[in-house]
Every structure is written in C-alpha cells, then in structure tokens.
Amino acid sequence: MNLGLATANTVPSTEPVAAVELAQAAETAGFDSIWTVEHVVWPRQYESAYPYHPSGKMPGDSSIPIPDPLMWLAWVGAHTTTIRLGTGVVILPQRNPLVLAKEVATLDRLTGGRIDLGVGVGWLEEEFAALGVPFAGRGPRTDEHIEAMRVLWGRDGAEYSGRFVAFSGVSSNPKPAQGTVPIVIGGHSEAAARRAGRLGDGFYPGPGSIQALVDVVATMRRHAEQIGRDPASIEVSAAYPGKLFDEPGRAVEAMRAAGVDRLMIHAFHVTRPSLTEGVGRIVDEVMPHL
C-alpha cells in the first residue's frame, strides 16, 4: 500500500519555505505522493452543507489561506524529484477545460510526468455563484470536461462536441509527459463512485466509516465492470475514517481489506507538534504496516 499526504497546501504549509520543507520531508520519508485542496473563494456566509464534518461547516474561517493547488504544486515540484503531485481535488466544473488542460500538461512536463489530477464536482453553491458558474448541471459538465481534456492531451487537430464543451481542429501543446495525465475522481457520493468507475484512473472517496468505504468502492467496481473496465485498474486512495494512531496496524489492514491502494494521511498529522516529530511518528507507527 502506498502512502499519500493530503491537504498539504493548508496551514502551516501555505508559505514558500514551509511548503518546500513539507514536500521534501514527505519525499524523504517515503510518501509516494502529496495532494492539495481547492477553494477559489470562501464565502463569509453560506448555507451549503460541508459534507465532511458533522457541523456542515468547513474547519476554520474565511481568513485562512488556501493557495491555488496547481501553483502550489509547481513550487514544491521544483524542489522535489520523485514524489507524485496530486490535486485532491480541483473543482472541475468551475474551470475552463481547455485552459486547465494546458496548465496541467505544462506542469506535468515540467515535473517529469508526476501529476495526478484529482477532480470533484464541488459542493459550495455560494462559491459557484461568486464565480458566475452554474451550480446546476455540474455533474454532466464534469464528465464533458474530463473527456475534452483527454482529447486535447491525446492528439493535435482535436475536436469535441458536447452539451457544454465544443471545439474542432485545435491543438494544445505541450502534451503530458506520458501522453496523458491520470484523472482521479474525488467524492463520497454514489454519483462520484459511478463516475470513477466510468471515467476515473483513480478514485478518492471520503466516507465516514469503513462500511461506507467498502460500499462506495463496491459501487465504483460494479459500474466499471458494467462497461467492460477492469476495476482493479482504478487506484483507490482514502484516509482512514477513524483514529489512525490508536491501532495503526489494525487500521491499515482494514483499509487494505476495503480495497484501498493508497492510505492518505492528512497534513496536520505530519506537521504537529512539529514536522520532524510528525513525520517520525508516521515512519515509526504507520509505515511498518504498509
């Protein structure tokens, strides 16, 4: 099982020196990948329910910096050599897919083919409103954006005709280092699981229990099989939905049994009480069980 470092572009690693120190420490310790989060804006007041906390609100407040995920990865990518660089996630329907395809391909070339593009449909309707992007229909738009980016990465003189995206005879260069960029579908819902089975190179769910994780991975696999895809080819990344350090060996085995290929560790476990102590705890208590 691989080990990924999640929510890395959050406090205290939003400043340049701290970001590099975190990424280099993770690479040296044996993390295979480092992952960012995204919000373009944080509305001061919102009614949308944050799906990953019982309060329905994001931790912290709107003054907390959330650096752009791609720019943050470009910075730490320039100071690392082997660790993979993932977005966990980019809110795909908020972005122009042609612009994003160019940005991601460029970053992938500059970092030697180390990019994993995690995408999600988003949940914060007030953020969509501030950006002038429709909240309704974001699922189908996400599907088209994924397809359109892959077409652009795959060939010159590309064309795509969809409900939301259409172009013909256009080329976007440079191409990704390996010809494409792995796309990881993020989300806890059944719709996200179906999308991962249909379109994902990977799946990054965020369930609240082991049973919920088992169920959502099974949904992904079932939908992959229905369209003739090998579900084993879809890499599953997830954080342990419990207190990892109470019984790390048991937690790792539970995740392995649930079909998880990459255990995601949130950055606050690595940076507290200090980076040295946090990384040391992961190396001593978690890595021996992977």
# chains A, B, ... in the order shown; residues from 1 in each chain; ligands from 1
$ residues_around --residues "Pro248 of chain A" --least-positions-apart "2" --cutoff "8 Å" --atoms "only C-alpha atoms" --output "PyMOL selection string"
chain A and resi 244-246+250-252+285-286+289
$ write_last_selection --atoms "N, CA and C atoms" --output "compact mmCIF listing (two decimals), in the first residue's frame"
# COMPACT_ATOMS: atom_id res chain seq x y z
N LEU A 244 -6.49 6.87 13.44
CA LEU A 244 -5.47 6.03 12.84
C LEU A 244 -4.43 5.56 13.85
N PHE A 245 -4.03 6.44 14.75
CA PHE A 245 -2.89 6.14 15.61
C PHE A 245 -3.27 5.32 16.85
N ASP A 246 -4.56 5.08 17.05
CA ASP A 246 -4.95 4.22 18.17
C ASP A 246 -4.42 2.80 17.95
N ARG A 250 -4.02 -2.29 12.77
CA ARG A 250 -5.39 -2.72 12.50
C ARG A 250 -6.05 -1.78 11.49
N ALA A 251 -5.77 -0.49 11.58
CA ALA A 251 -6.34 0.47 10.65
C ALA A 251 -5.87 0.20 9.22
N VAL A 252 -4.59 -0.05 9.05
CA VAL A 252 -4.05 -0.33 7.72
C VAL A 252 -4.67 -1.59 7.15
N GLU A 285 5.20 4.38 13.24
CA GLU A 285 3.97 3.73 13.66
C GLU A 285 3.08 3.25 12.50
N VAL A 286 3.21 3.86 11.35
CA VAL A 286 2.32 3.52 10.24
C VAL A 286 3.03 2.74 9.13
N HIS A 289 3.46 -1.13 8.67
CA HIS A 289 2.29 -1.97 8.41
C HIS A 289 1.84 -1.90 6.95
$ select_by_dssp --residues "segment 6-137 of chain A" --states "alpha helix (DSSP H)" --output "ChimeraX atom specification"
/A:16-29,69-77,97-110,125-131
$ atom_distance --atom1 "atom CA of His145 of chain A" --atom2 "atom CA of Met71 of chain A"
20.4 Å
$ residues_around --residues "segment 186-189 of chain A" --least-positions-apart "6" --cutoff "7 Å" --atoms "only C-alpha atoms" --output "list in words"
Gly88, Val89, Gly118, Val119, Gly120, Phe203, Tyr204, Pro205, Gly206 and Pro207 of chain A
$ residues_around --residues "Ala129 of chain A" --least-positions-apart "6" --cutoff "12 Å" --atoms "only C-alpha atoms" --output "ChimeraX atom specification"
/A:40-43,46,48,94,123,135-136
$ atom_distance --atom1 "atom CA of Val90 of chain A" --atom2 "atom CA of Leu275 of chain A"
25.9 Å
$ residues_around --residues "segment 155-161 of chain A" --least-positions-apart "3" --cutoff "10 Å" --atoms "only C-alpha atoms" --output "PyMOL selection string"
chain A and resi 144+147-152+164-173+175+179
$ write_last_selection --atoms "N, CA and C atoms" --output "PDB file, in the first residue's frame"
ATOM      1  N   GLU A 144     -17.998  15.969 -19.221  1.00  0.00           N
ATOM      2  CA  GLU A 144     -17.536  16.506 -20.507  1.00  0.00           C
ATOM      3  C   GLU A 144     -16.148  17.126 -20.388  1.00  0.00           C
ATOM      4  N   GLU A 147     -13.595  14.349 -20.532  1.00  0.00           N
ATOM      5  CA  GLU A 147     -13.463  13.820 -21.893  1.00  0.00           C
ATOM      6  C   GLU A 147     -12.736  14.801 -22.795  1.00  0.00           C
ATOM      7  N   ALA A 148     -13.073  16.097 -22.675  1.00  0.00           N
ATOM      8  CA  ALA A 148     -12.462  17.107 -23.537  1.00  0.00           C
ATOM      9  C   ALA A 148     -10.967  17.245 -23.262  1.00  0.00           C
ATOM     10  N   MET A 149     -10.565  17.226 -21.996  1.00  0.00           N
ATOM     11  CA  MET A 149      -9.140  17.333 -21.678  1.00  0.00           C
ATOM     12  C   MET A 149      -8.367  16.149 -22.222  1.00  0.00           C
ATOM     13  N   ARG A 150      -8.927  14.963 -22.123  1.00  0.00           N
ATOM     14  CA  ARG A 150      -8.237  13.785 -22.652  1.00  0.00           C
ATOM     15  C   ARG A 150      -8.088  13.849 -24.161  1.00  0.00           C
ATOM     16  N   VAL A 151      -9.091  14.386 -24.840  1.00  0.00           N
ATOM     17  CA  VAL A 151      -8.983  14.565 -26.292  1.00  0.00           C
ATOM     18  C   VAL A 151      -7.848  15.535 -26.618  1.00  0.00           C
ATOM     19  N   LEU A 152      -7.765  16.642 -25.898  1.00  0.00           N
ATOM     20  CA  LEU A 152      -6.718  17.629 -26.149  1.00  0.00           C
ATOM     21  C   LEU A 152      -5.333  17.066 -25.872  1.00  0.00           C
ATOM     22  N   PHE A 164     -21.840  21.029 -23.228  1.00  0.00           N
ATOM     23  CA  PHE A 164     -21.216  22.153 -22.533  1.00  0.00           C
ATOM     24  C   PHE A 164     -19.888  22.581 -23.144  1.00  0.00           C
ATOM     25  N   VAL A 165     -19.239  21.682 -23.862  1.00  0.00           N
ATOM     26  CA  VAL A 165     -17.912  21.938 -24.423  1.00  0.00           C
ATOM     27  C   VAL A 165     -17.932  21.539 -25.894  1.00  0.00           C
ATOM     28  N   ALA A 166     -17.406  22.413 -26.742  1.00  0.00           N
ATOM     29  CA  ALA A 166     -17.327  22.091 -28.162  1.00  0.00           C
ATOM     30  C   ALA A 166     -16.144  22.811 -28.781  1.00  0.00           C
ATOM     31  N   PHE A 167     -15.350  22.072 -29.556  1.00  0.00           N
ATOM     32  CA  PHE A 167     -14.257  22.677 -30.315  1.00  0.00           C
ATOM     33  C   PHE A 167     -13.910  21.737 -31.459  1.00  0.00           C
ATOM     34  N   SER A 168     -13.218  22.280 -32.455  1.00  0.00           N
ATOM     35  CA  SER A 168     -12.858  21.481 -33.620  1.00  0.00           C
ATOM     36  C   SER A 168     -11.549  21.978 -34.207  1.00  0.00           C
ATOM     37  N   GLY A 169     -10.664  21.046 -34.555  1.00  0.00           N
ATOM     38  CA  GLY A 169      -9.427  21.392 -35.249  1.00  0.00           C
ATOM     39  C   GLY A 169      -8.477  22.228 -34.431  1.00  0.00           C
ATOM     40  N   VAL A 170      -8.390  21.965 -33.131  1.00  0.00           N
ATOM     41  CA  VAL A 170      -7.490  22.736 -32.277  1.00  0.00           C
ATOM     42  C   VAL A 170      -6.419  21.833 -31.684  1.00  0.00           C
ATOM     43  N   SER A 171      -5.280  22.421 -31.381  1.00  0.00           N
ATOM     44  CA  SER A 171      -4.164  21.692 -30.777  1.00  0.00           C
ATOM     45  C   SER A 171      -3.741  22.399 -29.505  1.00  0.00           C
ATOM     46  N   SER A 172      -3.410  21.610 -28.502  1.00  0.00           N
ATOM     47  CA  SER A 172      -2.922  22.145 -27.240  1.00  0.00           C
ATOM     48  C   SER A 172      -1.605  21.468 -26.914  1.00  0.00           C
ATOM     49  N   ASN A 173      -0.545  22.257 -26.870  1.00  0.00           N
ATOM     50  CA  ASN A 173       0.781  21.725 -26.591  1.00  0.00           C
ATOM     51  C   ASN A 173       1.477  22.598 -25.558  1.00  0.00           C
ATOM     52  N   LYS A 175       2.124  18.374 -24.764  1.00  0.00           N
ATOM     53  CA  LYS A 175       1.352  17.249 -24.287  1.00  0.00           C
ATOM     54  C   LYS A 175       1.956  16.746 -22.971  1.00  0.00           C
ATOM     55  N   GLY A 179       1.827  11.231 -22.340  1.00  0.00           N
ATOM     56  CA  GLY A 179       0.732  11.267 -23.296  1.00  0.00           C
ATOM     57  C   GLY A 179      -0.616  11.601 -22.687  1.00  0.00           C
TER      58      GLY A 179
END
$ closest_residue --among "A:Ala18, A:Tyr50, A:Ala239, A:Arg194" --to "Gln226 of chain A" --atoms "only C-alpha atoms"
A:Arg194
$ atom_distance --atom1 "atom CA of Gly154 of chain A" --atom2 "atom CA of Thr106 of chain A"
14.1 Å
$ closest_residue --among "A:Leu124, A:Ala267, A:Leu290, A:Ile146" --to "Pro12 of chain A" --atoms "only C-alpha atoms"
A:Ala267
$ residues_around --residues "His269 of chain A" --least-positions-apart "6" --cutoff "12 Å" --atoms "only C-alpha atoms" --output "ChimeraX atom specification"
/A:5-8,12,22,26,239,243-245,275-283,286
$ write_last_selection --atoms "N, CA and C atoms" --output "mmCIF file, in the first residue's frame"
data_model
loop_
_atom_site.group_PDB
_atom_site.id
_atom_site.type_symbol
_atom_site.label_atom_id
_atom_site.label_comp_id
_atom_site.auth_asym_id
_atom_site.auth_seq_id
_atom_site.Cartn_x
_atom_site.Cartn_y
_atom_site.Cartn_z
ATOM 1 N N LEU A 5 0.121 12.123 1.149
ATOM 2 C CA LEU A 5 -0.019 13.227 2.103
ATOM 3 C C LEU A 5 -1.093 14.179 1.587
ATOM 4 N N ALA A 6 -2.226 14.234 2.297
ATOM 5 C CA ALA A 6 -3.387 15.003 1.841
ATOM 6 C C ALA A 6 -3.421 16.388 2.467
ATOM 7 N N THR A 7 -4.223 17.267 1.876
ATOM 8 C CA THR A 7 -4.458 18.645 2.341
ATOM 9 C C THR A 7 -3.137 19.376 2.626
ATOM 10 N N ALA A 8 -2.163 19.172 1.745
ATOM 11 C CA ALA A 8 -0.808 19.671 2.010
ATOM 12 C C ALA A 8 -0.686 21.177 1.858
ATOM 13 N N PRO A 12 0.161 24.760 8.263
ATOM 14 C CA PRO A 12 1.122 25.858 8.184
ATOM 15 C C PRO A 12 1.979 25.856 6.922
ATOM 16 N N LEU A 22 7.847 20.714 3.876
ATOM 17 C CA LEU A 22 6.871 19.630 3.987
ATOM 18 C C LEU A 22 7.031 18.635 2.850
ATOM 19 N N ALA A 26 8.250 14.738 3.186
ATOM 20 C CA ALA A 26 7.392 13.634 2.761
ATOM 21 C C ALA A 26 8.105 12.742 1.749
ATOM 22 N N ALA A 239 -8.440 8.215 3.166
ATOM 23 C CA ALA A 239 -7.976 8.374 4.541
ATOM 24 C C ALA A 239 -8.757 7.430 5.446
ATOM 25 N N LYS A 243 -9.592 6.947 14.190
ATOM 26 C CA LYS A 243 -8.370 7.391 14.849
ATOM 27 C C LYS A 243 -7.227 6.458 14.450
ATOM 28 N N LEU A 244 -6.494 6.867 13.442
ATOM 29 C CA LEU A 244 -5.467 6.029 12.840
ATOM 30 C C LEU A 244 -4.426 5.565 13.848
ATOM 31 N N PHE A 245 -4.030 6.444 14.749
ATOM 32 C CA PHE A 245 -2.893 6.136 15.610
ATOM 33 C C PHE A 245 -3.271 5.323 16.852
ATOM 34 N N LEU A 275 7.186 19.275 12.364
ATOM 35 C CA LEU A 275 7.348 18.461 11.161
ATOM 36 C C LEU A 275 8.219 17.244 11.437
ATOM 37 N N THR A 276 9.297 17.421 12.151
ATOM 38 C CA THR A 276 10.196 16.299 12.455
ATOM 39 C C THR A 276 9.482 15.225 13.268
ATOM 40 N N GLU A 277 8.749 15.662 14.304
ATOM 41 C CA GLU A 277 8.048 14.693 15.142
ATOM 42 C C GLU A 277 6.890 14.035 14.402
ATOM 43 N N GLY A 278 6.174 14.800 13.607
ATOM 44 C CA GLY A 278 5.045 14.251 12.873
ATOM 45 C C GLY A 278 5.460 13.218 11.849
ATOM 46 N N VAL A 279 6.490 13.538 11.079
ATOM 47 C CA VAL A 279 6.987 12.583 10.086
ATOM 48 C C VAL A 279 7.546 11.344 10.778
ATOM 49 N N GLY A 280 8.275 11.556 11.867
ATOM 50 C CA GLY A 280 8.832 10.433 12.604
ATOM 51 C C GLY A 280 7.765 9.482 13.108
ATOM 52 N N ARG A 281 6.644 10.028 13.535
ATOM 53 C CA ARG A 281 5.553 9.181 14.014
ATOM 54 C C ARG A 281 4.984 8.330 12.886
ATOM 55 N N ILE A 282 4.833 8.920 11.702
ATOM 56 C CA ILE A 282 4.343 8.156 10.551
ATOM 57 C C ILE A 282 5.312 7.037 10.204
ATOM 58 N N VAL A 283 6.591 7.361 10.157
ATOM 59 C CA VAL A 283 7.620 6.373 9.804
ATOM 60 C C VAL A 283 7.641 5.227 10.816
ATOM 61 N N VAL A 286 3.211 3.862 11.345
ATOM 62 C CA VAL A 286 2.318 3.515 10.238
ATOM 63 C C VAL A 286 3.032 2.743 9.134
#
$ residues_around --residues "Glu27 of chain A" --least-positions-apart "4" --cutoff "8 Å" --atoms "only C-alpha atoms" --output "number ranges by chain"
A: 23, 31-33, 80, 82-83
$ closest_residue --among "A:Ser274, A:Ser209, A:Ser13, A:Asn96" --to "Pro241 of chain A" --atoms "only C-alpha atoms"
A:Ser209
$ closest_residue --among "A:Gly132, A:Gly4, A:Gly122, A:Gly162" --to "Val260 of chain A" --atoms "only C-alpha atoms"
A:Gly4
$ select_by_dssp --residues "segment 34-217 of chain A" --states "strand (DSSP E or B)" --output "VMD selection string"
chain A and resid 34 to 36 84 to 91 115 to 120 158 to 161 166 to 170 183 to 186 202 to 204
$ write_last_selection --atoms "C-alpha atoms" --output "CSV table (one decimal), in the first residue's frame"
chain,number,residue,atom,x,y,z
A,34,ILE,CA,1.4,14.8,-2.0
A,35,TRP,CA,-2.1,16.2,-2.6
A,36,THR,CA,-3.7,19.7,-2.5
A,84,ARG,CA,3.9,12.4,-7.2
A,85,LEU,CA,1.9,15.7,-7.2
A,86,GLY,CA,-1.8,15.4,-6.9
A,87,THR,CA,-4.8,17.7,-6.6
A,88,GLY,CA,-7.3,16.3,-4.1
A,89,VAL,CA,-9.3,17.9,-5.6
A,90,VAL,CA,-9.6,20.6,-8.3
A,91,ILE,CA,-13.3,21.7,-8.6
A,115,ILE,CA,0.9,14.9,-11.9
A,116,ASP,CA,-2.2,13.2,-10.8
A,117,LEU,CA,-5.3,15.3,-11.5
A,118,GLY,CA,-7.9,14.7,-8.8
A,119,VAL,CA,-11.2,16.3,-9.7
A,120,GLY,CA,-14.6,16.9,-8.0
A,158,ALA,CA,-8.6,17.7,-31.7
A,159,GLU,CA,-12.3,18.0,-31.8
A,160,TYR,CA,-15.1,17.5,-29.2
A,161,SER,CA,-18.8,18.2,-29.4
A,166,ALA,CA,-17.3,22.1,-28.2
A,167,PHE,CA,-14.3,22.7,-30.3
A,168,SER,CA,-12.9,21.5,-33.6
A,169,GLY,CA,-9.4,21.4,-35.2
A,170,VAL,CA,-7.5,22.7,-32.3
A,183,ILE,CA,-7.5,11.6,-13.5
A,184,VAL,CA,-8.7,10.7,-10.0
A,185,ILE,CA,-12.4,11.2,-9.2
A,186,GLY,CA,-13.0,12.6,-5.7
A,202,GLY,CA,-8.4,6.6,-9.7
A,203,PHE,CA,-11.0,7.1,-7.0
A,204,TYR,CA,-10.6,9.2,-3.9
$ closest_residue --among "A:Ala218, A:Val11, A:Met287, A:Ala177" --to "Ala257 of chain A" --atoms "only C-alpha atoms"
A:Ala218
$ closest_residue --among "A:Ser233, A:Gln211, A:Thr142, A:Thr10" --to "Ile64 of chain A" --atoms "only C-alpha atoms"
A:Thr10
